[in-house]
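What follows is entry.cif (mmCIF, C-alpha atoms and all ligand atoms).
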```
data_protein
#
loop_
_atom_site.label_atom_id
_atom_site.label_comp_id
_atom_site.auth_asym_id
_atom_site.auth_seq_id
_atom_site.Cartn_x
_atom_site.Cartn_y
_atom_site.Cartn_z
CA MET A 1 70.56 10.04 20.91
CA GLU A 2 68.64 8.44 18.11
CA LYS A 3 65.87 10.57 16.73
CA ILE A 4 62.54 8.76 16.56
CA GLN A 5 60.81 9.33 13.22
CA PRO A 6 57.18 10.21 13.65
CA THR A 7 54.98 7.54 12.17
CA GLN A 8 52.16 8.27 9.74
CA GLU A 9 49.78 7.76 12.62
CA ASP A 10 51.55 10.42 14.71
CA ASN A 11 51.28 12.84 11.81
CA LEU A 12 47.62 12.18 11.40
CA HIS A 13 47.09 12.64 15.11
CA GLN A 14 48.92 15.96 15.01
CA THR A 15 46.84 17.09 12.00
CA LEU A 16 43.68 16.30 13.88
CA LEU A 17 44.89 18.25 16.92
CA ASP A 18 45.71 21.21 14.67
CA LEU A 19 42.26 21.08 13.12
CA LYS A 20 40.69 20.88 16.56
CA GLU A 21 42.60 24.02 17.52
CA LYS A 22 41.47 25.82 14.40
CA THR A 23 37.79 24.90 14.80
CA SER A 24 37.83 25.92 18.47
CA VAL A 25 36.75 29.40 17.36
CA LEU A 26 33.27 27.87 17.25
CA GLU A 27 33.39 27.12 20.95
CA VAL A 28 31.70 29.55 23.31
CA PRO A 29 33.43 30.18 26.66
CA GLN A 30 31.78 28.58 29.68
CA VAL A 31 30.71 31.92 31.22
CA GLU A 32 29.12 33.03 27.99
CA ARG A 33 27.43 29.63 27.58
CA GLU A 34 25.91 29.81 31.03
CA LYS A 35 24.59 33.25 30.28
CA MET A 36 23.07 32.10 26.98
CA THR A 37 21.46 29.08 28.58
CA SER A 38 19.99 30.98 31.50
CA ARG A 39 18.72 33.84 29.30
CA THR A 40 17.18 31.38 26.87
CA MET A 41 15.47 29.33 29.57
CA GLU A 42 14.28 32.51 31.25
CA MET A 43 12.75 33.66 27.99
CA VAL A 44 11.21 30.27 27.27
CA ASN A 45 9.68 29.99 30.73
CA THR A 46 8.36 33.55 30.79
CA TYR A 47 6.89 33.12 27.35
CA ASP A 48 5.48 29.71 28.16
CA ASP A 49 3.78 30.95 31.36
CA HIS A 50 2.50 34.00 29.55
CA ILE A 51 0.99 32.15 26.62
CA ARG A 52 -0.52 29.37 28.69
CA ASN A 53 -2.30 31.87 30.90
CA LEU A 54 -3.71 33.83 28.02
CA THR A 55 -7.31 33.19 27.22
CA TRP A 56 -7.67 35.57 24.34
CA GLY A 57 -5.41 37.77 22.36
CA PRO A 58 -5.34 39.80 19.21
CA VAL A 59 -3.17 38.66 16.36
CA LYS A 60 -0.91 41.34 15.04
CA THR A 61 -0.98 41.52 11.31
CA ALA A 62 1.45 43.12 8.92
CA ASP A 63 -0.70 46.21 8.49
CA GLN A 64 -0.47 46.87 12.24
CA GLY A 65 3.22 47.36 11.80
CA SER A 66 4.25 44.50 14.04
CA LEU A 67 6.90 43.28 11.66
CA PRO A 68 10.47 44.14 12.56
CA VAL A 69 12.54 46.16 10.21
CA ILE A 70 14.86 43.39 9.19
CA GLY A 71 18.21 44.88 8.39
CA GLU A 72 20.89 43.49 6.19
CA ILE A 73 22.43 40.19 7.23
CA GLU A 74 25.84 41.10 8.55
CA GLU A 75 29.20 39.42 8.96
CA ASP A 76 29.73 40.72 12.48
CA PRO A 77 28.16 38.96 15.45
CA SER A 78 25.37 40.60 17.42
CA GLU A 79 25.03 40.70 21.20
CA TYR A 80 23.00 37.70 22.35
CA ASP A 81 20.81 39.85 24.59
CA LEU A 82 20.07 42.23 21.74
CA VAL A 83 19.07 39.36 19.48
CA MET A 84 16.75 38.05 22.19
CA GLN A 85 15.28 41.51 22.75
CA ASP A 86 14.55 41.82 19.05
CA PHE A 87 13.04 38.37 19.00
CA ASN A 88 10.77 39.16 21.92
CA ALA A 89 9.77 42.55 20.62
CA HIS A 90 9.00 41.58 17.05
CA LEU A 91 8.87 37.88 16.39
CA ALA A 92 7.54 36.10 19.48
CA ASN A 93 4.12 37.71 19.10
CA GLY A 94 4.35 38.80 15.52
CA GLY A 95 1.54 36.74 14.00
CA ILE A 96 -0.66 33.75 14.71
CA ASN A 97 0.63 31.41 17.38
CA PRO A 98 -0.46 27.80 17.01
CA GLY A 99 0.74 27.17 20.59
CA HIS A 100 -1.87 29.52 22.03
CA PRO A 101 -4.36 27.61 24.20
CA THR A 102 -7.35 28.85 22.23
CA MET A 103 -5.77 28.45 18.82
CA PHE A 104 -7.79 25.81 16.99
CA GLY A 105 -7.86 27.41 13.59
CA PHE A 106 -4.75 25.87 12.11
CA VAL A 107 -3.62 22.28 12.20
CA PRO A 108 0.09 22.18 13.05
CA CYS A 109 -0.65 23.01 16.64
CA GLY A 110 1.85 20.53 18.04
CA HIS A 111 4.73 22.96 18.10
CA GLY A 112 3.32 24.65 21.14
CA THR A 113 3.64 21.85 23.68
CA TYR A 114 6.47 21.95 26.18
CA PRO A 115 7.57 18.30 25.82
CA ALA A 116 7.68 18.81 22.04
CA ALA A 117 9.94 21.84 22.52
CA MET A 118 12.29 19.87 24.79
CA GLY A 119 12.20 16.98 22.37
CA ALA A 120 13.43 19.28 19.63
CA PHE A 121 16.02 20.98 21.82
CA ILE A 122 17.83 17.89 23.10
CA PRO A 123 18.70 16.22 19.77
CA VAL A 124 19.92 19.56 18.39
CA THR A 125 22.19 19.94 21.41
CA PHE A 126 23.59 16.46 20.98
CA ALA A 127 23.88 16.97 17.22
CA THR A 128 22.47 13.51 16.72
CA TYR A 129 23.15 12.01 13.35
CA SER A 130 20.78 9.46 11.91
CA GLY A 131 21.70 9.24 8.25
CA ILE A 132 23.40 5.86 8.06
CA HIS A 133 22.88 2.74 10.16
CA TRP A 134 26.50 1.76 10.77
CA LYS A 135 27.46 5.30 11.73
CA SER A 136 24.65 5.80 14.21
CA THR A 137 23.18 2.40 14.93
CA SER A 138 21.09 3.12 17.99
CA ILE A 139 19.46 6.27 16.60
CA VAL A 140 18.62 4.61 13.27
CA GLU A 141 17.22 1.61 15.11
CA MET A 142 15.14 3.89 17.27
CA GLU A 143 13.76 5.49 14.10
CA ASN A 144 13.02 2.08 12.62
CA LYS A 145 11.27 1.06 15.79
CA LEU A 146 9.13 4.17 15.59
CA ILE A 147 8.25 3.42 11.96
CA THR A 148 7.25 -0.13 12.94
CA TRP A 149 5.10 1.25 15.74
CA VAL A 150 3.33 3.56 13.29
CA ALA A 151 2.91 0.74 10.75
CA ASP A 152 1.44 -1.48 13.50
CA LEU A 153 -0.89 1.30 14.57
CA PHE A 154 -2.43 1.25 11.11
CA GLY A 155 -2.38 -2.53 10.82
CA TYR A 156 0.21 -2.68 8.07
CA PRO A 157 1.47 -6.21 7.41
CA ALA A 158 5.07 -7.32 7.96
CA GLY A 159 7.46 -6.30 5.21
CA HIS A 160 6.48 -2.64 5.26
CA ALA A 161 9.09 0.09 4.97
CA GLY A 162 9.02 3.75 5.83
CA ASN A 163 10.99 6.80 6.69
CA ILE A 164 10.81 9.94 8.76
CA SER A 165 10.80 13.10 6.70
CA SER A 166 10.62 16.81 7.37
CA GLY A 167 6.85 16.88 6.92
CA GLY A 168 3.76 15.63 5.15
CA SER A 169 4.55 17.27 1.83
CA LEU A 170 7.89 15.54 1.49
CA ALA A 171 6.39 12.27 2.72
CA THR A 172 3.66 12.55 0.06
CA LEU A 173 6.27 13.21 -2.58
CA THR A 174 8.18 10.11 -1.42
CA ALA A 175 5.03 7.97 -1.56
CA LEU A 176 4.27 9.20 -5.07
CA ALA A 177 7.81 8.38 -6.21
CA VAL A 178 7.54 4.88 -4.70
CA ALA A 179 4.16 4.34 -6.39
CA ARG A 180 5.48 5.58 -9.73
CA ASP A 181 8.51 3.29 -9.58
CA SER A 182 6.84 0.19 -8.24
CA ARG A 183 4.18 0.43 -10.97
CA GLU A 184 7.05 0.94 -13.43
CA LEU A 185 5.40 3.89 -15.12
CA LYS A 186 7.15 4.94 -18.30
CA ALA A 187 7.79 8.61 -18.98
CA ALA A 188 6.18 8.16 -22.40
CA ASP A 189 2.92 7.24 -20.62
CA PHE A 190 2.89 9.98 -17.98
CA HIS A 191 0.38 12.04 -19.95
CA ARG A 192 -2.07 9.09 -19.90
CA CYS A 193 -1.73 8.37 -16.17
CA VAL A 194 -4.66 9.37 -14.00
CA ILE A 195 -4.59 10.22 -10.30
CA TYR A 196 -7.82 10.49 -8.33
CA CYS A 197 -8.62 12.50 -5.22
CA SER A 198 -11.41 14.67 -3.91
CA GLU A 199 -11.45 18.44 -4.10
CA PHE A 200 -10.55 18.46 -0.39
CA ALA A 201 -7.26 16.62 -0.87
CA HIS A 202 -4.26 18.58 0.35
CA TYR A 203 -2.37 20.58 -2.29
CA SER A 204 0.80 18.63 -1.48
CA VAL A 205 -0.56 15.83 -3.71
CA GLN A 206 -0.58 18.10 -6.73
CA LYS A 207 2.74 19.63 -5.77
CA GLY A 208 4.27 16.18 -5.23
CA LEU A 209 3.09 15.00 -8.65
CA ARG A 210 4.96 17.84 -10.26
CA ALA A 211 8.07 17.15 -8.22
CA VAL A 212 8.16 13.47 -9.21
CA GLY A 213 7.89 14.34 -12.89
CA LEU A 214 4.18 13.62 -13.28
CA ARG A 215 3.13 17.15 -14.21
CA GLU A 216 1.56 15.88 -17.42
CA ALA A 217 -0.54 13.27 -15.61
CA ILE A 218 -4.27 13.87 -15.26
CA LEU A 219 -5.53 14.74 -11.78
CA ARG A 220 -9.22 13.88 -11.48
CA THR A 221 -11.43 15.39 -8.84
CA VAL A 222 -13.83 12.69 -7.65
CA PRO A 223 -17.24 13.94 -6.41
CA VAL A 224 -17.93 14.03 -2.67
CA ASP A 225 -21.12 13.21 -0.77
CA LYS A 226 -22.92 15.62 1.54
CA LEU A 227 -20.44 14.85 4.33
CA LEU A 228 -17.65 15.90 1.95
CA LYS A 229 -16.26 12.36 1.63
CA MET A 230 -15.07 10.99 -1.70
CA THR A 231 -17.69 8.67 -3.15
CA ALA A 232 -16.38 5.20 -4.00
CA SER A 233 -19.08 4.78 -6.65
CA GLY A 234 -18.13 8.07 -8.30
CA LEU A 235 -14.51 6.98 -8.23
CA GLU A 236 -15.24 3.65 -9.87
CA ARG A 237 -17.39 5.23 -12.58
CA GLN A 238 -14.58 7.62 -13.45
CA ILE A 239 -11.96 4.84 -13.52
CA ILE A 240 -14.09 2.74 -15.87
CA GLU A 241 -14.65 5.71 -18.15
CA ASP A 242 -10.95 6.60 -18.19
CA THR A 243 -9.94 3.02 -18.95
CA LYS A 244 -12.39 2.93 -21.85
CA THR A 245 -10.83 6.03 -23.38
CA GLY A 246 -7.34 4.54 -23.26
CA LEU A 247 -6.04 6.31 -20.17
CA LEU A 248 -4.05 4.61 -17.41
CA PRO A 249 -5.76 4.93 -14.01
CA PHE A 250 -2.82 4.76 -11.63
CA LEU A 251 -3.34 6.03 -8.12
CA VAL A 252 -6.03 7.12 -5.68
CA ALA A 253 -5.15 9.55 -2.91
CA ALA A 254 -7.73 9.12 -0.15
CA THR A 255 -7.65 11.58 2.73
CA VAL A 256 -8.22 10.52 6.32
CA GLY A 257 -8.95 13.90 7.85
CA THR A 258 -9.07 16.59 5.19
CA THR A 259 -7.28 19.73 6.30
CA LEU A 260 -10.17 22.08 5.65
CA THR A 261 -13.12 20.08 6.95
CA GLY A 262 -11.83 16.98 8.77
CA SER A 263 -13.88 14.72 6.49
CA VAL A 264 -12.67 11.14 6.14
CA ASP A 265 -12.84 9.38 2.78
CA PRO A 266 -14.30 5.83 2.98
CA VAL A 267 -10.97 4.03 2.69
CA ASN A 268 -12.34 0.49 2.85
CA ASP A 269 -14.75 1.06 -0.06
CA ILE A 270 -12.05 2.89 -1.99
CA ALA A 271 -9.68 -0.06 -1.33
CA ASP A 272 -12.27 -2.39 -2.92
CA VAL A 273 -12.33 -0.20 -6.02
CA CYS A 274 -8.51 -0.07 -6.11
CA ASP A 275 -8.35 -3.87 -5.82
CA ARG A 276 -10.84 -4.35 -8.65
CA HIS A 277 -8.96 -2.00 -10.98
CA GLN A 278 -5.43 -2.49 -9.65
CA LEU A 279 -4.74 1.07 -8.60
CA TRP A 280 -2.23 2.17 -6.01
CA LEU A 281 -4.01 3.35 -2.88
CA HIS A 282 -2.31 6.17 -1.06
CA VAL A 283 -3.77 7.36 2.24
CA ASP A 284 -3.05 10.92 3.27
CA ALA A 285 -3.55 10.77 7.02
CA ALA A 286 -1.20 13.69 7.67
CA TYR A 287 -3.80 15.45 9.76
CA GLY A 288 -6.09 12.67 10.95
CA GLY A 289 -3.62 9.80 11.35
CA PHE A 290 -2.85 9.95 15.04
CA PHE A 291 -6.51 10.00 15.99
CA ALA A 292 -6.18 6.25 15.36
CA LEU A 293 -4.85 6.18 18.93
CA CYS A 294 -8.34 6.99 20.21
CA ASP A 295 -10.63 3.98 20.50
CA GLU A 296 -13.70 5.99 19.57
CA MET A 297 -12.10 6.94 16.23
CA LYS A 298 -10.94 3.46 15.24
CA GLN A 299 -13.86 2.80 12.91
CA LEU A 300 -12.78 5.70 10.69
CA PHE A 301 -9.59 3.82 9.91
CA VAL A 302 -11.10 0.59 8.65
CA GLY A 303 -9.38 -0.31 5.39
CA VAL A 304 -6.32 1.87 5.95
CA GLU A 305 -4.32 -1.33 6.46
CA ARG A 306 -5.12 -2.22 2.83
CA SER A 307 -3.43 0.91 1.46
CA ASP A 308 -0.11 0.79 -0.38
CA SER A 309 1.26 3.92 1.27
CA ILE A 310 0.34 6.25 4.09
CA VAL A 311 1.48 9.62 5.41
CA VAL A 312 1.05 10.72 9.03
CA ASN A 313 2.19 13.94 10.67
CA PRO A 314 3.19 13.87 14.34
CA HIS A 315 3.09 17.68 14.30
CA LYS A 316 -0.63 17.57 13.67
CA GLY A 317 -2.66 15.06 15.70
CA ALA A 318 0.17 13.90 17.96
CA TYR A 319 1.05 17.44 19.16
CA LEU A 320 4.75 16.81 18.69
C1 LIG B 1 -0.68 19.38 6.64
C2 LIG B 1 -1.10 18.38 5.65
C3 LIG B 1 -0.20 17.90 4.67
C4 LIG B 1 1.18 18.45 4.49
O1 LIG B 1 1.97 18.34 5.62
P1 LIG B 1 3.18 19.36 5.91
O2 LIG B 1 3.85 18.76 7.09
O3 LIG B 1 2.55 20.70 6.18
O4 LIG B 1 4.06 19.38 4.69
C5 LIG B 1 -0.65 16.92 3.80
N1 LIG B 1 -1.90 16.43 3.89
C6 LIG B 1 -2.80 16.87 4.81
C7 LIG B 1 -4.16 16.26 4.84
C8 LIG B 1 -2.42 17.86 5.72
O5 LIG B 1 -3.31 18.29 6.63
#
```
Can you turn what I pasted into structure tokens?
Ligand SMILES: *Cc1c(COP(=O)(O)O)cnc(C)c1O
Amino acid sequence: MEKIQPTQEDNLHQTLLDLKEKTSVLEVPQVEREKMTSRTMEMVNTYDDHIRNLTWGPVKTADQGSLPVIGEIEEDPSEYDLVMQDFNAHLANGGINPGHPTMFGFVPCGHGTYPAAMGAFIPVTFATYSGIHWKSTSIVEMENKLITWVADLFGYPAGHAGNISSGGSLATLTALAVARDSRELKAADFHRCVIYCSEFAHYSVQKGLRAVGLREAILRTVPVDKLLKMTASGLERQIIEDTKTGLLPFLVAATVGTTLTGSVDPVNDIADVCDRHQLWLHVDAAYGGFFALCDEMKQLFVGVERSDSIVVNPHKGAYL
């Protein structure tokens, strides 16, 4: 009988099957999976009931010895139940919990809502990939749709672009890089560039400036009024003075909802100043942004649509 030569395609197929066999060590047997799922859901539900019914509770701090003795990271696997026990004993209540119903002292409180937890769990289970449009069209389009929805919420005109990042700090860094490049700043001029914000601006602005190479740039603190809002007149005075002395006023970072006080800089007046002096207007609405969904807050957002870039955090005001 004639022997059929395997084609290149057959070989490739066989290689893939071999690889599948080799990577199957990552698979967890069905019985074990069911146990892990039920234990996890049990823990989540118990914890969720417990925390939602709490009205008050002390926070354990490091000096109360609540921290686990974290051993060396080992090669060998640990029993799932033991890991969970350790988690419950030491980590679940080991510090502040922004999900606690009376926890209003720290902004990223969104992590504690049940839909947000499920929303994080499902994509991780499905290992959704959203890096490249042609590889994952529907997910990328869903992201784009979300970005358009956010842009519309703030009245941005058509032609906007945006992305979803791991948080406000990285989003701020991205905005600063976009501003730097679209204004075509030259490295030789970085030391003359001036960035303006109030003393209540989030530290991610300063951190972002360093990360985008603008460490030498001058960061000016614009005075605030008695409601802790940046004063547009103070801003303009400073810009005029800086221009006179040969500096390059470049960007204003206005905050809509400062992290420490909730104050909202007068974006519309600041936009007028930016227009007059051709500065990039960045709005840091990481904390306050999603309050734009409330009708009674709308007036605080007047002028935001005139900004060149904006950052909003769903894990703050949107509780996600
Ligand atoms: C929280 C916050 C940021 C930074 O966001 P992260 O997601 O924590 O990186 C930036 N600006 C303001 C006003 C914030 O409140």
Q: Write out as a PyMOL selection string the residues lying within 12 Å of Val178 (chain A), counting all atoms listed in the file and excluding same-chain residues fewer than 5 positions away.
A: chain A and resi 161-162+171-173+183-185+208-209+212+251+280-282+308-310
Could you give me, as a tab-separated table, every chain A residue with an atom at most 8 Å from ligand LIG 1 (chain B), plus its closest atom pair and distance in Å to one decimal, counting all atoms listed in the file, rows ordered by chain then number?
```
residue	atom	partner	partner_atom	distance
A:Val107	CA	B:LIG1	O5	6.9
A:Pro108	CA	B:LIG1	C1	7.0
A:Ser166	CA	B:LIG1	O2	7.1
A:Gly167	CA	B:LIG1	O2	3.5
A:Gly168	CA	B:LIG1	O1	3.3
A:Ser169	CA	B:LIG1	O4	3.6
A:Leu170	CA	B:LIG1	O4	6.3
A:Ala171	CA	B:LIG1	O4	7.7
A:Thr172	CA	B:LIG1	C5	7.2
A:Ala201	CA	B:LIG1	C7	6.5
A:His202	CA	B:LIG1	N1	4.8
A:Tyr203	CA	B:LIG1	C5	7.3
A:Ser204	CA	B:LIG1	C5	5.7
A:Val205	CA	B:LIG1	C5	7.6
A:Thr255	CA	B:LIG1	C7	6.2
A:Val256	CA	B:LIG1	C7	7.2
A:Gly257	CA	B:LIG1	C7	6.1
A:Thr258	CA	B:LIG1	C7	4.9
A:Thr259	CA	B:LIG1	O5	4.2
A:Leu260	CA	B:LIG1	O5	7.9
A:Asp284	CA	B:LIG1	N1	5.7
A:Ala285	CA	B:LIG1	C7	5.9
A:Ala286	CA	B:LIG1	C6	4.6
A:Tyr287	CA	B:LIG1	O5	4.3
A:Gly288	CA	B:LIG1	C7	7.3
A:Val311	CA	B:LIG1	N1	7.8
A:Asn313	CA	B:LIG1	O2	6.2
A:His315	CA	B:LIG1	O2	7.3
A:Lys316	CA	B:LIG1	C1	7.3
```
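Computed from the coordinates, the CA of Gly289 (chain A) to CA of Val312 (chain A) distance equals 5.3 Å.
Counting only C-alpha atoms, the residue from A:Glu75, A:Thr125, A:Ile218, A:Leu153 that sits nearest to Ala292 (chain A) is A:Leu153.
CA of Leu300 (chain A) sits 10.0 Å away from CA of Ser263 (chain A).
CA of Gln85 (chain A) to CA of Val25 (chain A) spans 25.2 Å [interatomic distance, one decimal].
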(Q) Which residues are near Tyr47 (chain A)? Cut-off 10 Å, only C-alpha atoms, ignore same chain within fewer than 6 positions. Put them as JSON, numbers by chain. (A) {"A": [41, 53, 88, 92, 93]}
**Q.** Option closest in space to Asp272 (chain A), from A:Gly159, A:Pro249, A:Gly99, A:Gly303 [counting all atoms listed in the file]
**A.** A:Gly303
Q | Option closest in space to His100 (chain A), from A:Pro223, A:Arg52, A:Tyr196, A:Asn268 [counting all atoms listed in the file] | A | A:Arg52
Q: Determine the nearest neighbour of Cys193 (chain A) from the options A:His13, A:Arg220, A:Lys207, A:Arg237, counting only C-alpha atoms.
A: A:Arg220
Q) Quick one: of A:Val28, A:Ala253, A:Thr148, A:Tyr129, who's nearest to His160 (chain A), counting only C-alpha atoms? A) A:Thr148
Region 71-161 of chain A dumped to file, C-alpha atoms, as a PDB file, in the first residue's frame:
```
ATOM      1  CA  GLY A  71       6.549  33.597  54.219  1.00  0.00           C
ATOM      2  CA  GLU A  72       8.834  33.045  51.315  1.00  0.00           C
ATOM      3  CA  ILE A  73       7.223  32.642  47.911  1.00  0.00           C
ATOM      4  CA  GLU A  74       7.525  28.964  47.139  1.00  0.00           C
ATOM      5  CA  GLU A  75       7.647  26.769  44.063  1.00  0.00           C
ATOM      6  CA  ASP A  76       5.237  24.197  45.454  1.00  0.00           C
ATOM      7  CA  PRO A  77       1.496  24.759  45.265  1.00  0.00           C
ATOM      8  CA  SER A  78      -0.535  25.405  48.396  1.00  0.00           C
ATOM      9  CA  GLU A  79      -3.895  23.883  49.264  1.00  0.00           C
ATOM     10  CA  TYR A  80      -6.668  26.138  47.970  1.00  0.00           C
ATOM     11  CA  ASP A  81      -8.544  25.988  51.274  1.00  0.00           C
ATOM     12  CA  LEU A  82      -5.429  26.963  53.193  1.00  0.00           C
ATOM     13  CA  VAL A  83      -4.849  29.933  50.927  1.00  0.00           C
ATOM     14  CA  MET A  84      -8.445  31.027  51.454  1.00  0.00           C
ATOM     15  CA  GLN A  85      -8.146  30.575  55.215  1.00  0.00           C
ATOM     16  CA  ASP A  86      -5.046  32.751  55.247  1.00  0.00           C
ATOM     17  CA  PHE A  87      -6.770  35.330  53.105  1.00  0.00           C
ATOM     18  CA  ASN A  88      -9.767  35.457  55.420  1.00  0.00           C
ATOM     19  CA  ALA A  89      -7.713  35.524  58.574  1.00  0.00           C
ATOM     20  CA  HIS A  90      -5.218  38.174  57.573  1.00  0.00           C
ATOM     21  CA  LEU A  91      -6.043  40.046  54.414  1.00  0.00           C
ATOM     22  CA  ALA A  92      -9.823  40.360  54.106  1.00  0.00           C
ATOM     23  CA  ASN A  93     -10.017  42.618  57.154  1.00  0.00           C
ATOM     24  CA  GLY A  94      -6.436  43.668  57.369  1.00  0.00           C
ATOM     25  CA  GLY A  95      -6.786  47.414  56.834  1.00  0.00           C
ATOM     26  CA  ILE A  96      -9.224  50.003  55.562  1.00  0.00           C
ATOM     27  CA  ASN A  97     -11.979  48.664  53.356  1.00  0.00           C
ATOM     28  CA  PRO A  98     -13.345  51.122  50.814  1.00  0.00           C
ATOM     29  CA  GLY A  99     -16.295  48.757  50.257  1.00  0.00           C
ATOM     30  CA  HIS A 100     -17.541  49.231  53.809  1.00  0.00           C
ATOM     31  CA  PRO A 101     -20.955  50.949  53.831  1.00  0.00           C
ATOM     32  CA  THR A 102     -19.762  53.745  56.092  1.00  0.00           C
ATOM     33  CA  MET A 103     -16.424  54.234  54.385  1.00  0.00           C
ATOM     34  CA  PHE A 104     -16.460  57.731  52.902  1.00  0.00           C
ATOM     35  CA  GLY A 105     -12.937  58.732  53.735  1.00  0.00           C
ATOM     36  CA  PHE A 106     -11.195  57.570  50.600  1.00  0.00           C
ATOM     37  CA  VAL A 107     -12.224  58.040  47.009  1.00  0.00           C
ATOM     38  CA  PRO A 108     -11.786  54.736  45.159  1.00  0.00           C
ATOM     39  CA  CYS A 109     -14.847  53.338  46.821  1.00  0.00           C
ATOM     40  CA  GLY A 110     -16.159  51.676  43.680  1.00  0.00           C
ATOM     41  CA  HIS A 111     -14.369  48.411  44.255  1.00  0.00           C
ATOM     42  CA  GLY A 112     -16.859  47.446  46.897  1.00  0.00           C
ATOM     43  CA  THR A 113     -19.998  47.116  44.789  1.00  0.00           C
ATOM     44  CA  TYR A 114     -21.206  43.670  43.821  1.00  0.00           C
ATOM     45  CA  PRO A 115     -21.875  44.406  40.125  1.00  0.00           C
ATOM     46  CA  ALA A 116     -18.356  45.868  39.880  1.00  0.00           C
ATOM     47  CA  ALA A 117     -16.926  42.666  41.348  1.00  0.00           C
ATOM     48  CA  MET A 118     -18.853  40.528  38.849  1.00  0.00           C
ATOM     49  CA  GLY A 119     -17.840  42.856  36.068  1.00  0.00           C
ATOM     50  CA  ALA A 120     -14.207  42.248  36.925  1.00  0.00           C
ATOM     51  CA  PHE A 121     -14.637  38.506  37.382  1.00  0.00           C
ATOM     52  CA  ILE A 122     -16.296  37.697  34.064  1.00  0.00           C
ATOM     53  CA  PRO A 123     -13.723  39.211  31.671  1.00  0.00           C
ATOM     54  CA  VAL A 124     -10.901  37.569  33.627  1.00  0.00           C
ATOM     55  CA  THR A 125     -12.639  34.217  33.273  1.00  0.00           C
ATOM     56  CA  PHE A 126     -13.089  34.671  29.554  1.00  0.00           C
ATOM     57  CA  ALA A 127      -9.531  35.989  29.223  1.00  0.00           C
ATOM     58  CA  THR A 128     -10.829  38.708  26.955  1.00  0.00           C
ATOM     59  CA  TYR A 129      -8.224  40.327  24.786  1.00  0.00           C
ATOM     60  CA  SER A 130      -8.683  43.878  23.626  1.00  0.00           C
ATOM     61  CA  GLY A 131      -5.279  44.936  22.378  1.00  0.00           C
ATOM     62  CA  ILE A 132      -5.799  45.007  18.622  1.00  0.00           C
ATOM     63  CA  HIS A 133      -8.945  45.680  16.605  1.00  0.00           C
ATOM     64  CA  TRP A 134      -8.652  42.914  14.016  1.00  0.00           C
ATOM     65  CA  LYS A 135      -7.874  40.306  16.666  1.00  0.00           C
ATOM     66  CA  SER A 136     -10.762  41.183  18.925  1.00  0.00           C
ATOM     67  CA  THR A 137     -13.121  43.352  16.936  1.00  0.00           C
ATOM     68  CA  SER A 138     -16.206  43.303  19.117  1.00  0.00           C
ATOM     69  CA  ILE A 139     -14.369  44.002  22.383  1.00  0.00           C
ATOM     70  CA  VAL A 140     -12.363  46.870  20.878  1.00  0.00           C
ATOM     71  CA  GLU A 141     -15.524  48.311  19.366  1.00  0.00           C
ATOM     72  CA  MET A 142     -17.250  48.052  22.706  1.00  0.00           C
ATOM     73  CA  GLU A 143     -14.350  49.994  24.249  1.00  0.00           C
ATOM     74  CA  ASN A 144     -14.562  52.605  21.517  1.00  0.00           C
ATOM     75  CA  LYS A 145     -18.273  52.926  22.066  1.00  0.00           C
ATOM     76  CA  LEU A 146     -17.651  53.495  25.752  1.00  0.00           C
ATOM     77  CA  ILE A 147     -15.062  56.172  24.984  1.00  0.00           C
ATOM     78  CA  THR A 148     -17.540  57.906  22.662  1.00  0.00           C
ATOM     79  CA  TRP A 149     -20.182  57.765  25.387  1.00  0.00           C
ATOM     80  CA  VAL A 150     -17.775  59.394  27.851  1.00  0.00           C
ATOM     81  CA  ALA A 151     -16.744  62.023  25.274  1.00  0.00           C
ATOM     82  CA  ASP A 152     -20.431  62.787  24.608  1.00  0.00           C
ATOM     83  CA  LEU A 153     -21.107  63.039  28.321  1.00  0.00           C
ATOM     84  CA  PHE A 154     -18.615  65.889  28.511  1.00  0.00           C
ATOM     85  CA  GLY A 155     -19.732  67.477  25.250  1.00  0.00           C
ATOM     86  CA  TYR A 156     -16.545  66.755  23.344  1.00  0.00           C
ATOM     87  CA  PRO A 157     -16.852  67.454  19.617  1.00  0.00           C
ATOM     88  CA  ALA A 158     -16.565  64.781  16.924  1.00  0.00           C
ATOM     89  CA  GLY A 159     -13.017  63.765  16.110  1.00  0.00           C
ATOM     90  CA  HIS A 160     -12.034  63.076  19.701  1.00  0.00           C
ATOM     91  CA  ALA A 161      -9.924  60.062  20.611  1.00  0.00           C
TER      92      ALA A 161
END
```
